[in-house]
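start_5.cif follows (mmCIF, N, CA and C atoms):
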```cif
data_run
#
loop_
_atom_site.label_atom_id
_atom_site.label_comp_id
_atom_site.auth_asym_id
_atom_site.auth_seq_id
_atom_site.Cartn_x
_atom_site.Cartn_y
_atom_site.Cartn_z
N MET B 1168 92.20 78.99 114.46
CA MET B 1168 91.90 78.06 115.52
C MET B 1168 91.91 76.64 114.97
N ALA B 1169 92.48 75.73 115.73
CA ALA B 1169 92.60 74.35 115.30
C ALA B 1169 91.23 73.67 115.25
N LEU B 1170 91.03 72.90 114.21
CA LEU B 1170 89.79 72.15 114.07
C LEU B 1170 89.71 71.05 115.12
N TYR B 1171 90.83 70.39 115.34
CA TYR B 1171 90.91 69.32 116.33
C TYR B 1171 92.01 69.62 117.32
N GLU B 1172 91.70 69.48 118.59
CA GLU B 1172 92.66 69.70 119.66
C GLU B 1172 92.99 68.35 120.31
N TRP B 1173 94.27 68.13 120.54
CA TRP B 1173 94.69 66.91 121.22
C TRP B 1173 94.27 67.00 122.68
N LYS B 1174 93.73 65.92 123.20
CA LYS B 1174 93.31 65.86 124.60
C LYS B 1174 94.04 64.72 125.29
N LYS B 1175 94.32 64.90 126.54
CA LYS B 1175 95.01 63.88 127.32
C LYS B 1175 94.28 62.54 127.26
N GLU B 1176 92.97 62.58 127.17
CA GLU B 1176 92.18 61.35 127.14
C GLU B 1176 92.46 60.50 125.90
N PHE B 1177 93.08 61.09 124.87
CA PHE B 1177 93.41 60.35 123.65
C PHE B 1177 94.70 59.54 123.81
N GLU B 1178 95.47 59.83 124.85
CA GLU B 1178 96.77 59.19 125.01
C GLU B 1178 96.65 57.69 125.24
N THR B 1179 97.56 56.97 124.60
CA THR B 1179 97.59 55.52 124.72
C THR B 1179 98.53 55.07 125.82
N GLY B 1180 99.45 55.96 126.20
CA GLY B 1180 100.48 55.58 127.16
C GLY B 1180 101.77 55.14 126.49
N PHE B 1181 101.76 55.07 125.16
CA PHE B 1181 102.95 54.72 124.41
C PHE B 1181 103.43 55.99 123.71
N GLU B 1182 104.58 56.49 124.16
CA GLU B 1182 105.06 57.80 123.73
C GLU B 1182 105.13 57.97 122.22
N GLU B 1183 105.70 56.99 121.54
CA GLU B 1183 105.87 57.11 120.09
C GLU B 1183 104.51 57.11 119.38
N ILE B 1184 103.60 56.26 119.81
CA ILE B 1184 102.26 56.21 119.21
C ILE B 1184 101.54 57.53 119.45
N ASP B 1185 101.60 58.03 120.68
CA ASP B 1185 100.94 59.30 121.00
C ASP B 1185 101.53 60.45 120.19
N ALA B 1186 102.85 60.45 120.00
CA ALA B 1186 103.50 61.50 119.20
C ALA B 1186 103.00 61.42 117.75
N GLN B 1187 102.86 60.22 117.23
CA GLN B 1187 102.36 60.06 115.87
C GLN B 1187 100.91 60.51 115.76
N HIS B 1188 100.11 60.18 116.75
CA HIS B 1188 98.71 60.62 116.73
C HIS B 1188 98.62 62.15 116.78
N ARG B 1189 99.47 62.77 117.61
CA ARG B 1189 99.48 64.24 117.66
C ARG B 1189 99.87 64.82 116.31
N ARG B 1190 100.83 64.18 115.63
CA ARG B 1190 101.25 64.67 114.31
C ARG B 1190 100.10 64.57 113.32
N ILE B 1191 99.32 63.52 113.38
CA ILE B 1191 98.16 63.39 112.49
C ILE B 1191 97.19 64.54 112.75
N PHE B 1192 96.96 64.87 114.03
CA PHE B 1192 96.10 66.00 114.36
C PHE B 1192 96.66 67.29 113.74
N GLU B 1193 97.98 67.48 113.85
CA GLU B 1193 98.61 68.68 113.29
C GLU B 1193 98.39 68.78 111.79
N ILE B 1194 98.59 67.69 111.09
CA ILE B 1194 98.43 67.72 109.63
C ILE B 1194 96.97 67.98 109.25
N ILE B 1195 96.03 67.37 109.96
CA ILE B 1195 94.61 67.63 109.69
C ILE B 1195 94.30 69.11 109.90
N ASN B 1196 94.85 69.68 110.97
CA ASN B 1196 94.63 71.10 111.22
C ASN B 1196 95.30 71.98 110.16
N GLU B 1197 96.46 71.56 109.67
CA GLU B 1197 97.11 72.29 108.58
C GLU B 1197 96.23 72.26 107.33
N LEU B 1198 95.66 71.09 107.06
CA LEU B 1198 94.78 70.96 105.90
C LEU B 1198 93.57 71.89 106.04
N GLN B 1199 92.98 71.92 107.22
CA GLN B 1199 91.85 72.81 107.46
C GLN B 1199 92.25 74.27 107.22
N GLU B 1200 93.44 74.65 107.69
CA GLU B 1200 93.91 76.03 107.52
C GLU B 1200 94.07 76.39 106.05
N VAL B 1201 94.68 75.50 105.26
CA VAL B 1201 94.87 75.84 103.85
C VAL B 1201 93.55 75.86 103.10
N LEU B 1202 92.61 75.03 103.52
CA LEU B 1202 91.28 75.07 102.90
C LEU B 1202 90.55 76.36 103.24
N GLU B 1203 90.60 76.76 104.52
CA GLU B 1203 89.93 78.00 104.93
C GLU B 1203 90.56 79.23 104.28
N ALA B 1204 91.88 79.20 104.10
CA ALA B 1204 92.57 80.34 103.51
C ALA B 1204 92.43 80.35 101.99
N GLN B 1205 91.78 79.33 101.47
CA GLN B 1205 91.56 79.20 100.03
C GLN B 1205 92.85 79.29 99.24
N HIS B 1206 93.86 78.58 99.75
CA HIS B 1206 95.12 78.49 99.02
C HIS B 1206 94.88 77.73 97.72
N GLY B 1207 95.83 77.84 96.84
CA GLY B 1207 95.72 77.16 95.55
C GLY B 1207 95.70 75.65 95.72
N SER B 1208 95.25 74.99 94.69
CA SER B 1208 95.10 73.54 94.76
C SER B 1208 96.43 72.83 95.01
N GLU B 1209 97.54 73.42 94.57
CA GLU B 1209 98.84 72.78 94.76
C GLU B 1209 99.15 72.58 96.24
N ILE B 1210 98.97 73.60 97.07
CA ILE B 1210 99.26 73.49 98.51
C ILE B 1210 98.24 72.58 99.19
N ILE B 1211 96.99 72.62 98.73
CA ILE B 1211 95.96 71.74 99.30
C ILE B 1211 96.32 70.29 99.03
N TRP B 1212 96.67 69.97 97.77
CA TRP B 1212 97.02 68.60 97.43
C TRP B 1212 98.29 68.15 98.13
N LYS B 1213 99.26 69.04 98.30
CA LYS B 1213 100.48 68.69 99.01
C LYS B 1213 100.17 68.34 100.45
N THR B 1214 99.33 69.14 101.10
CA THR B 1214 98.99 68.88 102.50
C THR B 1214 98.20 67.59 102.62
N LEU B 1215 97.28 67.36 101.70
CA LEU B 1215 96.51 66.12 101.71
C LEU B 1215 97.43 64.92 101.48
N ASP B 1216 98.38 65.07 100.57
CA ASP B 1216 99.35 64.01 100.32
C ASP B 1216 100.19 63.75 101.57
N ASP B 1217 100.59 64.82 102.27
CA ASP B 1217 101.34 64.66 103.53
C ASP B 1217 100.54 63.82 104.52
N LEU B 1218 99.25 64.11 104.62
CA LEU B 1218 98.38 63.37 105.54
C LEU B 1218 98.31 61.90 105.15
N ILE B 1219 98.12 61.63 103.88
CA ILE B 1219 98.02 60.25 103.41
C ILE B 1219 99.31 59.49 103.66
N GLN B 1220 100.43 60.10 103.32
CA GLN B 1220 101.72 59.45 103.52
C GLN B 1220 102.00 59.20 105.00
N TYR B 1221 101.69 60.18 105.84
CA TYR B 1221 101.96 60.01 107.26
C TYR B 1221 101.03 58.95 107.86
N ALA B 1222 99.77 58.94 107.43
CA ALA B 1222 98.83 57.92 107.91
C ALA B 1222 99.32 56.52 107.51
N ASP B 1223 99.78 56.37 106.28
CA ASP B 1223 100.33 55.08 105.85
C ASP B 1223 101.49 54.66 106.75
N TYR B 1224 102.42 55.59 106.99
CA TYR B 1224 103.57 55.33 107.87
C TYR B 1224 103.09 54.93 109.26
N HIS B 1225 102.15 55.69 109.80
CA HIS B 1225 101.68 55.45 111.16
C HIS B 1225 101.01 54.08 111.30
N PHE B 1226 100.11 53.75 110.38
CA PHE B 1226 99.40 52.48 110.49
C PHE B 1226 100.35 51.29 110.30
N GLU B 1227 101.33 51.44 109.44
CA GLU B 1227 102.33 50.38 109.29
C GLU B 1227 103.12 50.23 110.59
N TYR B 1228 103.48 51.36 111.19
CA TYR B 1228 104.21 51.33 112.46
C TYR B 1228 103.37 50.65 113.54
N GLU B 1229 102.10 51.03 113.64
CA GLU B 1229 101.21 50.44 114.66
C GLU B 1229 101.08 48.94 114.46
N GLU B 1230 100.88 48.51 113.23
CA GLU B 1230 100.71 47.08 112.98
C GLU B 1230 101.97 46.30 113.33
N THR B 1231 103.14 46.86 113.06
CA THR B 1231 104.39 46.23 113.45
C THR B 1231 104.49 46.16 114.97
N TYR B 1232 104.11 47.24 115.62
CA TYR B 1232 104.12 47.32 117.08
C TYR B 1232 103.18 46.26 117.66
N PHE B 1233 101.99 46.15 117.11
CA PHE B 1233 101.03 45.15 117.58
C PHE B 1233 101.61 43.75 117.47
N SER B 1234 102.21 43.46 116.33
CA SER B 1234 102.80 42.15 116.10
C SER B 1234 103.95 41.89 117.08
N GLN B 1235 104.80 42.88 117.24
CA GLN B 1235 105.96 42.74 118.12
C GLN B 1235 105.55 42.43 119.56
N PHE B 1236 104.49 43.05 120.02
CA PHE B 1236 104.06 42.88 121.41
C PHE B 1236 102.82 41.99 121.54
N GLN B 1237 102.47 41.32 120.44
CA GLN B 1237 101.35 40.38 120.41
C GLN B 1237 100.09 40.98 121.03
N TYR B 1238 99.75 42.16 120.53
CA TYR B 1238 98.55 42.86 121.00
C TYR B 1238 97.33 42.00 120.72
N PRO B 1239 96.54 41.66 121.75
CA PRO B 1239 95.43 40.72 121.56
C PRO B 1239 94.29 41.23 120.69
N LYS B 1240 94.16 42.54 120.50
CA LYS B 1240 93.06 43.10 119.71
C LYS B 1240 93.54 43.64 118.36
N THR B 1241 94.60 43.06 117.84
CA THR B 1241 95.18 43.54 116.58
C THR B 1241 94.16 43.55 115.46
N GLU B 1242 93.50 42.44 115.22
CA GLU B 1242 92.55 42.36 114.10
C GLU B 1242 91.41 43.35 114.30
N GLU B 1243 90.92 43.48 115.51
CA GLU B 1243 89.83 44.43 115.80
C GLU B 1243 90.28 45.86 115.54
N HIS B 1244 91.50 46.17 115.92
CA HIS B 1244 91.99 47.54 115.75
C HIS B 1244 92.22 47.87 114.28
N ILE B 1245 92.80 46.91 113.57
CA ILE B 1245 93.06 47.13 112.13
C ILE B 1245 91.74 47.34 111.40
#
```
Write-out of the structure in structure tokens:
Amino acid sequence: MALYEWKKEFETGFEEIDAQHRRIFEIINELQEVLEAQHGSEIIWKTLDDLIQYADYHFEYEETYFSQFQYPKTEEHI
């Protein structure tokens, strides 16, 4: 069972951002699964690294998006 479930209330209305947020949920749930299954440290670290890399990509994407559309709450969100 997934640790975190995506809910419609989380949607921003921006398809690409919402897709990225859903992917973050998926990776977090994958990490929970490998931890619960007590997989070896190699798969745990790989999954954690996937999460870190994807989060870096996502936040960079969001910040570019904020700049491009002059989002008024950019500093607050960051």
*Do you have the atom CA of Tyr1228 of chain B-atom CA of Glu1209 of chain B distance handy?*
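Result for atom CA of Tyr1228 of chain B versus atom CA of Glu1209 of chain B: 28.3 Å, one decimal.
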*Within chain B, find each residue whose DSSP state, derived from the backbone, is helix (DSSP H, G or I), and express the selection as a VMD selection string.*
chain B and resid 1175 to 1177 1182 to 1203 1208 to 1235 1241 to 1244
_Long-range neighbours of His1188 of chain B as a PyMOL selection string, 8 Å cut-off, only N, CA and C atoms, 5 positions minimum in chain_ = chain B and resi 1173+1182-1183+1193-1194+1225
_Between atom C of Ile1195 of chain B and atom C of Ala1169 of chain B, distance in Å (one decimal)_ =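 Computed distance, atom C of Ile1195 of chain B to atom C of Ala1169 of chain B, equals 7.7 Å.
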*Identify, on the basis of only C-alpha atoms, every residue whose closest approach to segment 1229-1231 of chain B does not exceed 9 Å; exclude the query and any residue fewer than 5 positions from it along the same chain; express the result as a ChimeraX atom specification.*
/B:1184,1224,1236,1241,1245
Generate a file of the selected residues that holds N, CA and C atoms, formatted as an mmCIF file, in the frame of the given file.
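Saved file again_2.cif follows:
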```cif
data_model
loop_
_atom_site.group_PDB
_atom_site.id
_atom_site.type_symbol
_atom_site.label_atom_id
_atom_site.label_comp_id
_atom_site.auth_asym_id
_atom_site.auth_seq_id
_atom_site.Cartn_x
_atom_site.Cartn_y
_atom_site.Cartn_z
ATOM 1 N N ILE B 1184 103.600 56.260 119.810
ATOM 2 C CA ILE B 1184 102.260 56.210 119.210
ATOM 3 C C ILE B 1184 101.540 57.530 119.450
ATOM 4 N N TYR B 1224 102.420 55.590 106.990
ATOM 5 C CA TYR B 1224 103.570 55.330 107.870
ATOM 6 C C TYR B 1224 103.090 54.930 109.260
ATOM 7 N N PHE B 1236 104.490 43.050 120.020
ATOM 8 C CA PHE B 1236 104.060 42.880 121.410
ATOM 9 C C PHE B 1236 102.820 41.990 121.540
ATOM 10 N N THR B 1241 94.600 43.060 117.840
ATOM 11 C CA THR B 1241 95.180 43.540 116.580
ATOM 12 C C THR B 1241 94.160 43.550 115.460
ATOM 13 N N ILE B 1245 92.800 46.910 113.570
ATOM 14 C CA ILE B 1245 93.060 47.130 112.130
ATOM 15 C C ILE B 1245 91.740 47.340 111.400
#
```
*Report the residues retrieved by the PyMOL selection byres (((chain B and resi 1214 and name CA) around 12) and name CA) from the displayed file, expressed as a list of chain:residue names.*
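Evaluating the PyMOL selection byres (((chain B and resi 1214 and name CA) around 12) and name CA) on these coordinates yields B:Ile1191, B:Glu1193, B:Ile1194, B:Ile1195, B:Asn1196, B:Glu1197, B:Leu1198, B:Gln1199, B:Glu1200, B:Val1201, B:Leu1202, B:His1206, B:Gly1207, B:Ser1208, B:Glu1209, B:Ile1210, B:Ile1211, B:Trp1212, B:Lys1213, B:Leu1215, B:Asp1216, B:Asp1217, B:Leu1218, B:Ile1219, B:Gln1220, B:Tyr1221.
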*How many Å lie between atom CA of His1244 of chain B and atom C of Phe1226 of chain B, rounded to one decimal?*
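Answer for the atom CA of His1244 of chain B to atom C of Phe1226 of chain B separation: 10.7 Å.
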